[in-house]
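Asks: Take a look at protein.tsv, TSV, N, CA, C and O atoms and all ligand atoms:
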chain	number	residue	atom	x	y	z
A	260	MET	N	91.05	168.19	88.25
A	260	MET	CA	90.27	167.01	87.92
A	260	MET	C	91.15	165.96	87.23
A	260	MET	O	91.96	166.28	86.37
A	261	LYS	N	90.95	164.75	87.64
A	261	LYS	CA	91.75	163.67	87.06
A	261	LYS	C	91.21	163.25	85.71
A	261	LYS	O	90.02	163.33	85.45
A	262	THR	N	92.11	162.78	84.89
A	262	THR	CA	91.72	162.25	83.58
A	262	THR	C	91.21	160.83	83.75
A	262	THR	O	91.80	160.03	84.46
A	263	VAL	N	90.10	160.56	83.09
A	263	VAL	CA	89.60	159.18	83.11
A	263	VAL	C	90.32	158.42	82.02
A	263	VAL	O	90.43	158.88	80.88
A	264	ARG	N	90.81	157.26	82.38
A	264	ARG	CA	91.57	156.44	81.44
A	264	ARG	C	90.85	155.11	81.23
A	264	ARG	O	89.97	154.76	82.01
A	265	ALA	N	91.21	154.42	80.17
A	265	ALA	CA	90.57	153.15	79.89
A	265	ALA	C	91.64	152.08	79.66
A	265	ALA	O	92.68	152.34	79.06
A	266	CYS	N	91.35	150.89	80.14
A	266	CYS	CA	92.27	149.77	79.94
A	266	CYS	C	92.22	149.31	78.49
A	266	CYS	O	91.14	149.14	77.92
A	267	LYS	N	93.39	149.08	77.91
A	267	LYS	CA	93.44	148.65	76.51
A	267	LYS	C	92.98	147.21	76.35
A	267	LYS	O	92.63	146.78	75.26
A	268	THR	N	93.03	146.47	77.41
A	268	THR	CA	92.68	145.05	77.33
A	268	THR	C	91.23	144.79	77.70
A	268	THR	O	90.47	144.23	76.91
A	269	CYS	N	90.80	145.24	78.92
A	269	CYS	CA	89.44	144.91	79.34
A	269	CYS	C	88.49	146.10	79.19
A	269	CYS	O	87.30	145.96	79.46
A	270	HIS	N	89.03	147.28	78.79
A	270	HIS	CA	88.23	148.47	78.51
A	270	HIS	C	87.60	149.14	79.72
A	270	HIS	O	86.79	150.06	79.58
A	271	VAL	N	87.90	148.71	80.94
A	271	VAL	CA	87.30	149.33	82.12
A	271	VAL	C	87.80	150.77	82.26
A	271	VAL	O	88.94	151.09	81.90
A	272	LEU	N	86.91	151.68	82.72
A	272	LEU	CA	87.30	153.07	82.93
A	272	LEU	C	87.85	153.23	84.34
A	272	LEU	O	87.26	152.73	85.30
A	273	THR	N	88.97	153.94	84.46
A	273	THR	CA	89.63	154.11	85.74
A	273	THR	C	90.41	155.43	85.73
A	273	THR	O	90.67	155.99	84.66
A	274	GLU	N	90.77	155.92	86.92
A	274	GLU	CA	91.62	157.11	86.97
A	274	GLU	C	93.09	156.72	87.12
A	274	GLU	O	93.96	157.57	87.15
A	275	SER	N	93.31	155.45	87.24
A	275	SER	CA	94.67	154.95	87.48
A	275	SER	C	95.43	154.70	86.17
A	275	SER	O	94.83	154.42	85.14
A	276	ASP	N	96.77	154.78	86.25
A	276	ASP	CA	97.61	154.47	85.09
A	276	ASP	C	97.64	152.97	84.82
A	276	ASP	O	97.98	152.55	83.72
A	277	ILE	N	97.31	152.22	85.84
A	277	ILE	CA	97.34	150.76	85.73
A	277	ILE	C	95.94	150.23	85.98
A	277	ILE	O	95.26	150.65	86.92
A	278	CYS	N	95.52	149.30	85.15
A	278	CYS	CA	94.18	148.74	85.27
A	278	CYS	C	94.01	147.97	86.57
A	278	CYS	O	94.85	147.13	86.91
A	279	PRO	N	92.91	148.23	87.32
A	279	PRO	CA	92.68	147.50	88.57
A	279	PRO	C	92.31	146.04	88.33
A	279	PRO	O	92.43	145.22	89.24
A	280	ASN	N	91.87	145.72	87.13
A	280	ASN	CA	91.47	144.34	86.83
A	280	ASN	C	92.64	143.50	86.35
A	280	ASN	O	92.86	142.40	86.82
A	281	CYS	N	93.38	144.02	85.36
A	281	CYS	CA	94.41	143.17	84.77
A	281	CYS	C	95.83	143.70	84.95
A	281	CYS	O	96.75	143.12	84.37
A	282	SER	N	96.00	144.79	85.72
A	282	SER	CA	97.35	145.30	86.03
A	282	SER	C	98.17	145.67	84.80
A	282	SER	O	99.39	145.59	84.81
A	283	LEU	N	97.47	146.09	83.74
A	283	LEU	CA	98.16	146.53	82.53
A	283	LEU	C	97.98	148.04	82.37
A	283	LEU	O	97.05	148.61	82.93
A	284	PRO	N	98.87	148.71	81.59
A	284	PRO	CA	98.77	150.16	81.43
A	284	PRO	C	97.46	150.57	80.77
A	284	PRO	O	96.95	149.87	79.89
A	285	THR	N	96.92	151.71	81.22
A	285	THR	CA	95.68	152.24	80.65
A	285	THR	C	96.00	153.36	79.67
A	285	THR	O	97.10	153.89	79.66
A	286	SER	N	95.00	153.74	78.87
A	286	SER	CA	95.17	154.78	77.86
A	286	SER	C	94.20	155.92	78.13
A	286	SER	O	93.08	155.69	78.58
A	287	LYS	N	94.63	157.17	77.87
A	287	LYS	CA	93.69	158.28	78.04
A	287	LYS	C	92.96	158.57	76.74
A	287	LYS	O	92.13	159.47	76.67
A	288	ARG	N	93.28	157.82	75.70
A	288	ARG	CA	92.60	158.00	74.42
A	288	ARG	C	91.57	156.89	74.22
A	288	ARG	O	91.94	155.76	73.89
A	289	TRP	N	90.31	157.25	74.47
A	289	TRP	CA	89.24	156.26	74.29
A	289	TRP	C	87.98	157.00	73.88
A	289	TRP	O	87.90	158.22	73.98
A	290	ARG	N	87.01	156.27	73.39
A	290	ARG	CA	85.80	156.89	72.85
A	290	ARG	C	84.55	156.12	73.29
A	290	ARG	O	84.50	154.90	73.13
A	291	GLY	N	83.57	156.84	73.81
A	291	GLY	CA	82.30	156.24	74.17
A	291	GLY	C	82.41	155.27	75.33
A	291	GLY	O	83.48	154.76	75.59
A	292	TYR	N	81.31	155.08	76.04
A	292	TYR	CA	81.37	154.07	77.09
A	292	TYR	C	80.00	153.45	77.32
A	292	TYR	O	78.98	154.01	76.93
A	293	VAL	N	80.00	152.30	77.93
A	293	VAL	CA	78.76	151.64	78.33
A	293	VAL	C	78.83	151.36	79.82
A	293	VAL	O	79.90	151.17	80.38
A	294	ILE	N	77.66	151.37	80.47
A	294	ILE	CA	77.59	150.99	81.87
A	294	ILE	C	76.98	149.59	81.92
A	294	ILE	O	75.87	149.37	81.43
A	295	ILE	N	77.73	148.66	82.46
A	295	ILE	CA	77.27	147.28	82.56
A	295	ILE	C	76.82	147.01	84.00
A	295	ILE	O	77.61	147.15	84.93
A	296	HIS	N	75.55	146.64	84.15
A	296	HIS	CA	75.03	146.33	85.49
A	296	HIS	C	75.08	144.83	85.75
A	296	HIS	O	75.38	144.39	86.85
A	297	ASP	N	74.71	144.08	84.73
A	297	ASP	CA	74.60	142.63	84.89
A	297	ASP	C	75.28	141.94	83.71
A	297	ASP	O	74.65	141.67	82.68
A	298	PRO	N	76.58	141.70	83.83
A	298	PRO	CA	77.35	141.15	82.71
A	298	PRO	C	76.77	139.85	82.15
A	298	PRO	O	76.87	139.60	80.95
A	299	ASP	N	76.19	139.02	83.02
A	299	ASP	CA	75.68	137.72	82.58
A	299	ASP	C	74.53	137.82	81.60
A	299	ASP	O	74.35	136.97	80.74
A	300	SER	N	73.71	138.89	81.74
A	300	SER	CA	72.56	139.00	80.85
A	300	SER	C	72.71	140.12	79.83
A	300	SER	O	71.77	140.52	79.18
A	301	SER	N	73.93	140.66	79.69
A	301	SER	CA	74.18	141.73	78.73
A	301	SER	C	74.93	141.22	77.52
A	301	SER	O	76.01	140.63	77.64
A	302	GLN	N	74.32	141.42	76.34
A	302	GLN	CA	74.99	140.97	75.11
A	302	GLN	C	76.26	141.75	74.85
A	302	GLN	O	77.24	141.22	74.35
A	303	ILE	N	76.21	143.06	75.18
A	303	ILE	CA	77.41	143.89	74.97
A	303	ILE	C	78.54	143.36	75.85
A	303	ILE	O	79.68	143.23	75.41
A	304	ALA	N	78.23	143.07	77.10
A	304	ALA	CA	79.23	142.56	78.04
A	304	ALA	C	79.84	141.27	77.52
A	304	ALA	O	81.06	141.09	77.57
A	305	GLN	N	79.00	140.40	77.00
A	305	GLN	CA	79.51	139.12	76.50
A	305	GLN	C	80.39	139.32	75.27
A	305	GLN	O	81.43	138.69	75.12
A	306	LYS	N	79.96	140.25	74.41
A	306	LYS	CA	80.73	140.56	73.20
A	306	LYS	C	82.11	141.12	73.56
A	306	LYS	O	83.10	140.87	72.90
A	307	MET	N	82.13	141.94	74.64
A	307	MET	CA	83.37	142.58	75.04
A	307	MET	C	84.13	141.78	76.10
A	307	MET	O	85.13	142.24	76.64
A	308	ASN	N	83.64	140.60	76.41
A	308	ASN	CA	84.26	139.74	77.42
A	308	ASN	C	84.33	140.40	78.80
A	308	ASN	O	85.34	140.30	79.49
A	309	ILE	N	83.26	141.11	79.16
A	309	ILE	CA	83.21	141.78	80.46
A	309	ILE	C	82.53	140.85	81.47
A	309	ILE	O	81.46	140.30	81.20
A	310	THR	N	83.17	140.66	82.60
A	310	THR	CA	82.61	139.77	83.61
A	310	THR	C	82.21	140.50	84.88
A	310	THR	O	81.52	139.96	85.73
A	311	LYS	N	82.67	141.76	85.04
A	311	LYS	CA	82.34	142.53	86.24
A	311	LYS	C	81.51	143.75	85.88
A	311	LYS	O	81.79	144.41	84.88
A	312	PRO	N	80.51	144.11	86.71
A	312	PRO	CA	79.73	145.33	86.46
A	312	PRO	C	80.63	146.56	86.54
A	312	PRO	O	81.62	146.56	87.28
A	313	GLY	N	80.29	147.60	85.78
A	313	GLY	CA	81.08	148.83	85.83
A	313	GLY	C	80.94	149.61	84.54
A	313	GLY	O	80.09	149.33	83.70
A	314	LYS	N	81.81	150.64	84.39
A	314	LYS	CA	81.82	151.47	83.19
A	314	LYS	C	82.95	151.00	82.30
A	314	LYS	O	84.10	150.85	82.75
A	315	TYR	N	82.66	150.85	81.02
A	315	TYR	CA	83.65	150.36	80.07
A	315	TYR	C	83.66	151.21	78.82
A	315	TYR	O	82.61	151.58	78.29
A	316	ALA	N	84.86	151.51	78.33
A	316	ALA	CA	85.01	152.25	77.08
A	316	ALA	C	84.66	151.36	75.90
A	316	ALA	O	84.97	150.18	75.90
A	317	LEU	N	84.00	151.95	74.89
A	317	LEU	CA	83.66	151.17	73.70
A	317	LEU	C	84.89	150.97	72.83
A	317	LEU	O	85.09	149.94	72.23
A	318	LYS	N	85.71	152.02	72.75
A	318	LYS	CA	86.88	151.95	71.89
A	318	LYS	C	88.08	152.55	72.62
A	318	LYS	O	87.99	153.67	73.14
A	319	VAL	N	89.17	151.84	72.67
A	319	VAL	CA	90.40	152.35	73.30
A	319	VAL	C	91.48	152.39	72.23
A	319	VAL	O	91.70	151.42	71.53
A	320	MET	N	92.11	153.58	72.09
A	320	MET	CA	93.14	153.74	71.06
A	320	MET	C	94.51	153.42	71.64
A	320	MET	O	94.77	153.65	72.80
B	1	ZN	ZN	92.10	145.85	82.21
As a first step, turn the structure in this file into structure tokens.
Replies:
Amino acid sequence: MKTVRACKTCHVLTESDICPNCSLPTSKRWRGYVIIHDPDSSQIAQKMNITKPGKYALKVM
């Protein structure tokens, strides 16, 4: 099973070493996540600067 990693910048969850959104290295140390369906109407998404639907880590170390 692959490790789920999180981008340090946009917090998206991915199995890749490199973030598919911003092409930056991801971290395997993260805590909690939120699922964003509609970024435009989600306060959490706006707070975290999320513009695309998906799974995002709450905290990335
Ligand atoms: Zn990213």
Asks: Just how far from atom C of Lys267 (chain A) is atom O of Arg290 (chain A), in Å to one decimal?
Replies: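 Separation of atom O of Arg290 (chain A) and atom C of Lys267 (chain A): 11.9 Å.
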Asks: Produce as a JSON list (two decimals) with N, CA, C and O atoms, in the coordinates of the input the set of residues near ligand ZN 1 (chain B), where near means within 7 Å with only N, CA, C and O atoms and all ligand atoms considered.
Replies:
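Saved file out-v4.json follows:
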[["chain", "number", "residue", "atom", "x", "y", "z"],
["A", 265, "ALA", "N", 91.21, 154.42, 80.17],
["A", 265, "ALA", "CA", 90.57, 153.15, 79.89],
["A", 265, "ALA", "C", 91.64, 152.08, 79.66],
["A", 265, "ALA", "O", 92.68, 152.34, 79.06],
["A", 266, "CYS", "N", 91.35, 150.89, 80.14],
["A", 266, "CYS", "CA", 92.27, 149.77, 79.94],
["A", 266, "CYS", "C", 92.22, 149.31, 78.49],
["A", 266, "CYS", "O", 91.14, 149.14, 77.92],
["A", 267, "LYS", "N", 93.39, 149.08, 77.91],
["A", 267, "LYS", "CA", 93.44, 148.65, 76.51],
["A", 267, "LYS", "C", 92.98, 147.21, 76.35],
["A", 267, "LYS", "O", 92.63, 146.78, 75.26],
["A", 268, "THR", "N", 93.03, 146.47, 77.41],
["A", 268, "THR", "CA", 92.68, 145.05, 77.33],
["A", 268, "THR", "C", 91.23, 144.79, 77.70],
["A", 268, "THR", "O", 90.47, 144.23, 76.91],
["A", 269, "CYS", "N", 90.80, 145.24, 78.92],
["A", 269, "CYS", "CA", 89.44, 144.91, 79.34],
["A", 269, "CYS", "C", 88.49, 146.10, 79.19],
["A", 269, "CYS", "O", 87.30, 145.96, 79.46],
["A", 270, "HIS", "N", 89.03, 147.28, 78.79],
["A", 270, "HIS", "CA", 88.23, 148.47, 78.51],
["A", 270, "HIS", "C", 87.60, 149.14, 79.72],
["A", 270, "HIS", "O", 86.79, 150.06, 79.58],
["A", 271, "VAL", "N", 87.90, 148.71, 80.94],
["A", 271, "VAL", "CA", 87.30, 149.33, 82.12],
["A", 271, "VAL", "C", 87.80, 150.77, 82.26],
["A", 271, "VAL", "O", 88.94, 151.09, 81.90],
["A", 277, "ILE", "N", 97.31, 152.22, 85.84],
["A", 277, "ILE", "CA", 97.34, 150.76, 85.73],
["A", 277, "ILE", "C", 95.94, 150.23, 85.98],
["A", 277, "ILE", "O", 95.26, 150.65, 86.92],
["A", 278, "CYS", "N", 95.52, 149.30, 85.15],
["A", 278, "CYS", "CA", 94.18, 148.74, 85.27],
["A", 278, "CYS", "C", 94.01, 147.97, 86.57],
["A", 278, "CYS", "O", 94.85, 147.13, 86.91],
["A", 279, "PRO", "N", 92.91, 148.23, 87.32],
["A", 279, "PRO", "CA", 92.68, 147.50, 88.57],
["A", 279, "PRO", "C", 92.31, 146.04, 88.33],
["A", 279, "PRO", "O", 92.43, 145.22, 89.24],
["A", 280, "ASN", "N", 91.87, 145.72, 87.13],
["A", 280, "ASN", "CA", 91.47, 144.34, 86.83],
["A", 280, "ASN", "C", 92.64, 143.50, 86.35],
["A", 280, "ASN", "O", 92.86, 142.40, 86.82],
["A", 281, "CYS", "N", 93.38, 144.02, 85.36],
["A", 281, "CYS", "CA", 94.41, 143.17, 84.77],
["A", 281, "CYS", "C", 95.83, 143.70, 84.95],
["A", 281, "CYS", "O", 96.75, 143.12, 84.37],
["A", 282, "SER", "N", 96.00, 144.79, 85.72],
["A", 282, "SER", "CA", 97.35, 145.30, 86.03],
["A", 282, "SER", "C", 98.17, 145.67, 84.80],
["A", 282, "SER", "O", 99.39, 145.59, 84.81],
["A", 283, "LEU", "N", 97.47, 146.09, 83.74],
["A", 283, "LEU", "CA", 98.16, 146.53, 82.53],
["A", 283, "LEU", "C", 97.98, 148.04, 82.37],
["A", 283, "LEU", "O", 97.05, 148.61, 82.93],
["A", 284, "PRO", "N", 98.87, 148.71, 81.59],
["A", 284, "PRO", "CA", 98.77, 150.16, 81.43],
["A", 284, "PRO", "C", 97.46, 150.57, 80.77],
["A", 284, "PRO", "O", 96.95, 149.87, 79.89]]
Asks: Quick one, how far is atom C of Ser301 (chain A) from atom N of Glu274 (chain A)?
Replies: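 Atom-to-atom, atom C of Ser301 (chain A) and atom N of Glu274 (chain A) are spaced 23.6 Å apart.
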Asks: Contacts of Gly313 (chain A) at 8 Å or less, counting only N, CA, C and O atoms, minus same-chain residues fewer than 6 places along, as a ChimeraX atom specification?
Replies: /A:270-272,292-298
Asks: Using backbone DSSP assignments, extract all strand (DSSP E) residues from chain A; output them as a ChimeraX atom specification.
Replies: /A:264-266,272-273,285-286,289-295,313-319
Asks: To one decimal in Å, tell me the separation between atom C of Asn308 (chain A) and CA of Thr262 (chain A).
Replies: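 CA of Thr262 (chain A) lies at a distance of 23.6 Å from atom C of Asn308 (chain A).
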Asks: Identify the residues within 4.5 Å of coordinate (93.4, 155.6, 81.2) (same frame as the file), considering all atoms listed in the file, and give the answer as a short mmCIF file (atom, residue, chain, number, x, y, z; two decimals) with N, CA, C and O atoms, in the coordinates of the input.
Replies:
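Generated file (point21.cif):
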data_model
loop_
_atom_site.label_atom_id
_atom_site.label_comp_id
_atom_site.auth_asym_id
_atom_site.auth_seq_id
_atom_site.Cartn_x
_atom_site.Cartn_y
_atom_site.Cartn_z
N VAL A 263 90.10 160.56 83.09
CA VAL A 263 89.60 159.18 83.11
C VAL A 263 90.32 158.42 82.02
O VAL A 263 90.43 158.88 80.88
N ARG A 264 90.81 157.26 82.38
CA ARG A 264 91.57 156.44 81.44
C ARG A 264 90.85 155.11 81.23
O ARG A 264 89.97 154.76 82.01
N ALA A 265 91.21 154.42 80.17
CA ALA A 265 90.57 153.15 79.89
C ALA A 265 91.64 152.08 79.66
O ALA A 265 92.68 152.34 79.06
N THR A 273 88.97 153.94 84.46
CA THR A 273 89.63 154.11 85.74
C THR A 273 90.41 155.43 85.73
O THR A 273 90.67 155.99 84.66
N SER A 275 93.31 155.45 87.24
CA SER A 275 94.67 154.95 87.48
C SER A 275 95.43 154.70 86.17
O SER A 275 94.83 154.42 85.14
N THR A 285 96.92 151.71 81.22
CA THR A 285 95.68 152.24 80.65
C THR A 285 96.00 153.36 79.67
O THR A 285 97.10 153.89 79.66
N SER A 286 95.00 153.74 78.87
CA SER A 286 95.17 154.78 77.86
C SER A 286 94.20 155.92 78.13
O SER A 286 93.08 155.69 78.58
N LYS A 287 94.63 157.17 77.87
CA LYS A 287 93.69 158.28 78.04
C LYS A 287 92.96 158.57 76.74
O LYS A 287 92.13 159.47 76.67
#
Asks: Give the alpha helix (DSSP H) residues of chain A, as DSSP finds them on the backbone, and put them as a list in words.
Replies: Gln302, Ile303, Ala304, Gln305 and Lys306 of chain A
Asks: Name the residues, using the chain letters and numbers of the file, that sit within 6 Å of (80.3, 137.1, 85.9) when counting only N, CA, C and O atoms, and give them as a PyMOL selection string.
Replies: chain A and resi 298-299+309-311
